[in-house]
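Chemist: Shown below is the structure under consideration.
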Amino acid sequence: MKIVAGVIVALLTVAHVGAASSVAVGIEEFKFTPPVLAVPVGTTVTWINHDEEPHTITSVDGAFGSTGLSHEDTFAQTFIRPGRYEYFCALHPHMKAIVIVK
Amino acid sequence: MDRIDRRGFLECMAWAGTGLVWVSTGGVLSSRVIAPAAAAEATPGSFSFVQISDTHIGFKGQANSDPTATLQQVVDHVNALQPAPAFVLHTGDQTHGQKAGAFDIVAEILKGVKTERIFYVPGEHDVFLDGGKEYLGRYGKGTVGGRGWQSFDYKGSHFVGLVNVLKYKGEGMGALGEDQIEWLENDLAPLSSSTPVVVFSHVPLWAVYPQWGWTTEDAGRALVHLKRFGSVTVLNGHIHQVLQKVEGNVRFHTAMSTAFPQPAPGTAPAPGPMKISEADARRMIGVTEVTHVPGQHALAVVDSTLG
């Protein structure tokens, strides 16, 4: 029972991705969705900006970063090393999210 | 009936939009619709200037498919003003996310403005990709240390252009920074307290709506140096709508964008461009004209829409 509850909590808070090699993160209403994304090593994450306002995907430690994404523009990044990759939007720094690579 | 206090009344009037001029008589603000230029013409020593803001060249959305065209219409409106504005202030976000070529388009269109000079301060859209390299390369010359801020005098009034988008902090609020605040203190020090002062910057220098980053976190430390002046007008952009606040002798005013409106604070999930028809948007974009008449305590501020 405890295990089941744990899994449910995890599903609610972290979007887990299994064997898929490609995952999308949406940007809408000044939010990254999902804000917490867990993926296996080798996954390519593609962000798409649904807002009319430009946004960036800018890693906190400078590991990766996009230029300004216009409406419906995309940016892709392949994660080849495990780690916690925090990122934000350089134009709206309160927009924060993370990719966890395992 | 609900009692409407003065602040509430001012906000209501500001929300209602445009075409109003605020006139101070004996410290009591009243509003009326007038032709400000005509009033200015009648008084020797008076002058007017124009504030253009948030041109967002490169934007393309539901509210405006062609911000180049709406900027051109604003320029045509400005060029029809009689007398012509002494100068123009552009309070930032010339570009929409530093879109390639956007600075050139703005420069080209603004060449057509019939005025002596245009002064600029940057918006976060103009500097976020390269830390201000391109913006300061174009507009840094003649500013303090090439860093974008500056002051000048015109017919007895003192104008200060401040940069509050190059030290964007964690929560996305504007910030001026130590160096600039120190410079401001020194810049204002020799002035007599009766000198009318106009301060302009991109992000509002008052807490409009911090949840959306619509504030400058260290503005209070700058405003303290303005307290002794009898007439202070603070002109900002960034929020794409007219809002006004009066605090002591300081009058805060935000201008419309020439490109698209943004929602009123807290009325939408996010502060992005409003998704409304171009016809509706035209009633919410435009330009601000400010007139100084000697002997009148406050400057007259008139906002005109395109629709």
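Each chain of the structure tokens is named A, B, ... in the order shown, its residues numbered from 1; ligands are numbered from 1 in display order.
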Distance cut-off 10 Å, counting only C-alpha atoms - which residues of chain A neighbour chain B? Return them as a PyMOL selection string.
Modeler: chain A and resi 28-31+51-56+66-71+88-96
Chemist: Would you put the residues from that selection into a file with C-alpha atoms, as a PDB file, in the first residue's frame?
Modeler:
```pdb
ATOM      1  CA  GLU A  28       2.180  28.306 -21.925  1.00  0.00           C
ATOM      2  CA  GLU A  29       0.965  31.224 -19.819  1.00  0.00           C
ATOM      3  CA  PHE A  30       4.529  31.818 -18.620  1.00  0.00           C
ATOM      4  CA  LYS A  31       4.936  28.265 -17.271  1.00  0.00           C
ATOM      5  CA  ASP A  51       2.895  31.991 -25.818  1.00  0.00           C
ATOM      6  CA  GLU A  52       2.997  35.076 -28.023  1.00  0.00           C
ATOM      7  CA  GLU A  53       5.624  36.361 -25.625  1.00  0.00           C
ATOM      8  CA  PRO A  54       9.162  35.118 -26.335  1.00  0.00           C
ATOM      9  CA  HIS A  55      10.784  32.818 -23.805  1.00  0.00           C
ATOM     10  CA  THR A  56      14.169  31.189 -23.446  1.00  0.00           C
ATOM     11  CA  SER A  66      18.287  28.733 -26.335  1.00  0.00           C
ATOM     12  CA  THR A  67      17.880  32.133 -27.908  1.00  0.00           C
ATOM     13  CA  GLY A  68      14.476  33.796 -27.678  1.00  0.00           C
ATOM     14  CA  LEU A  69      11.765  31.428 -28.866  1.00  0.00           C
ATOM     15  CA  SER A  70       8.948  33.119 -30.739  1.00  0.00           C
ATOM     16  CA  HIS A  71       5.371  31.834 -30.830  1.00  0.00           C
ATOM     17  CA  PHE A  88      14.700  29.312 -16.352  1.00  0.00           C
ATOM     18  CA  CYS A  89      13.555  31.910 -18.882  1.00  0.00           C
ATOM     19  CA  ALA A  90      16.073  34.734 -19.206  1.00  0.00           C
ATOM     20  CA  LEU A  91      13.312  37.178 -20.082  1.00  0.00           C
ATOM     21  CA  HIS A  92      11.053  36.121 -17.185  1.00  0.00           C
ATOM     22  CA  PRO A  93      13.407  34.723 -14.549  1.00  0.00           C
ATOM     23  CA  HIS A  94      10.543  33.700 -12.253  1.00  0.00           C
ATOM     24  CA  MET A  95       9.779  30.939 -14.787  1.00  0.00           C
ATOM     25  CA  LYS A  96      11.825  28.036 -13.390  1.00  0.00           C
TER      26      LYS A  96
END
```
Chemist: Excluding same-chain residues fewer than 4 positions from Val45 (chain A), what lies within 9 Å of it counting only C-alpha atoms, as a compact mmCIF listing (two decimals) with N, CA and C atoms, in the first residue's frame?
Modeler:
```txt
# COMPACT_ATOMS: atom_id res chain seq x y z
N SER A 21 12.81 8.26 -26.29
CA SER A 21 14.05 9.00 -26.51
C SER A 21 13.79 10.47 -26.78
N SER A 22 12.50 10.80 -26.87
CA SER A 22 12.16 12.18 -27.17
C SER A 22 10.97 12.62 -26.32
N VAL A 23 11.09 13.78 -25.70
CA VAL A 23 10.03 14.27 -24.80
C VAL A 23 9.80 15.75 -25.05
N ALA A 24 8.53 16.14 -24.94
CA ALA A 24 8.21 17.54 -25.17
C ALA A 24 7.88 18.26 -23.86
N VAL A 25 8.33 19.51 -23.75
CA VAL A 25 7.94 20.38 -22.65
C VAL A 25 7.23 21.59 -23.27
N VAL A 39 13.96 12.03 -16.98
CA VAL A 39 14.17 11.27 -18.23
C VAL A 39 15.43 10.42 -18.12
N PHE A 75 12.90 24.38 -29.28
CA PHE A 75 14.33 24.24 -28.96
C PHE A 75 14.52 22.83 -28.42
N ALA A 76 15.57 22.14 -28.90
CA ALA A 76 15.80 20.76 -28.47
C ALA A 76 17.18 20.62 -27.84
N GLN A 77 17.23 19.79 -26.82
CA GLN A 77 18.50 19.53 -26.13
C GLN A 77 18.54 18.04 -25.78
N THR A 78 19.66 17.38 -26.14
CA THR A 78 19.82 15.97 -25.78
C THR A 78 20.69 15.87 -24.53
N PHE A 79 20.21 15.10 -23.57
CA PHE A 79 20.91 14.98 -22.29
C PHE A 79 21.69 13.67 -22.26
N VAL A 99 15.06 19.57 -15.37
CA VAL A 99 15.11 18.26 -16.02
C VAL A 99 16.05 17.39 -15.19
```
Chemist: Could you give me the residues within chain A that DSSP places in strand (DSSP E), as number ranges by chain?
Modeler: A: 15-16, 22-28, 31-33, 36-39, 44-49, 58-59, 74-78, 83-88, 96-101
Chemist: By how many Å are CA of Thr143 (chain B) and CA of Glu185 (chain B) apart?
Modeler: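 Computing it gives 16.2 Å between the two atoms.
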Chemist: Skipping near chain neighbours, those fewer than 5 positions away, what residues fall within 7 Å of Lys102 (chain A) using only C-alpha atoms, listed as a list in words?
Modeler: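 The residues that qualify are Val39, Pro40, Val41, Pro82 and Gly83 of chain A.
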Chemist: Apply DSSP to the backbone of this structure and, from region 94-158 of chain B, keep only the residues in alpha helix (DSSP H); write these as number ranges by chain.
Modeler: B: 102-110, 124-127, 133-139
Chemist: Got a sec: who's within 12 Å of Ala207 (chain B), counting only C-alpha atoms, leaving out chain neighbours fewer than 5 positions off, as an MDAnalysis selection string?
Modeler: chainID B and resid 173:174 212:220 236 239 243:245 252 254 265
Chemist: Put those residues in a file: C-alpha atoms, as a PDB file, in the first residue's frame.
Modeler:
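Final output, again26.pdb:
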```pdb
ATOM      1  CA  MET B 173      11.807  42.475 -11.183  1.00  0.00           C
ATOM      2  CA  GLY B 174      13.537  45.563 -12.438  1.00  0.00           C
ATOM      3  CA  TRP B 212       4.233  39.741 -12.575  1.00  0.00           C
ATOM      4  CA  GLY B 213       7.563  41.471 -12.041  1.00  0.00           C
ATOM      5  CA  TRP B 214       5.918  44.874 -12.539  1.00  0.00           C
ATOM      6  CA  THR B 215       8.100  46.698 -10.076  1.00  0.00           C
ATOM      7  CA  THR B 216      11.669  47.879  -9.507  1.00  0.00           C
ATOM      8  CA  GLU B 217      12.980  46.323  -6.353  1.00  0.00           C
ATOM      9  CA  ASP B 218      15.347  49.134  -5.356  1.00  0.00           C
ATOM     10  CA  ALA B 219      13.234  52.038  -6.660  1.00  0.00           C
ATOM     11  CA  GLY B 220      12.588  53.285  -3.124  1.00  0.00           C
ATOM     12  CA  ASN B 236       7.418  54.246 -17.351  1.00  0.00           C
ATOM     13  CA  ILE B 239       3.044  47.070 -18.661  1.00  0.00           C
ATOM     14  CA  LEU B 243      -1.892  53.474 -14.910  1.00  0.00           C
ATOM     15  CA  GLN B 244      -1.384  56.447 -12.671  1.00  0.00           C
ATOM     16  CA  LYS B 245      -0.495  56.961  -9.050  1.00  0.00           C
ATOM     17  CA  PHE B 252       3.747  58.064 -11.608  1.00  0.00           C
ATOM     18  CA  THR B 254       2.748  54.303 -17.325  1.00  0.00           C
ATOM     19  CA  PRO B 265      -2.795  43.385 -13.030  1.00  0.00           C
TER      20      PRO B 265
END
```
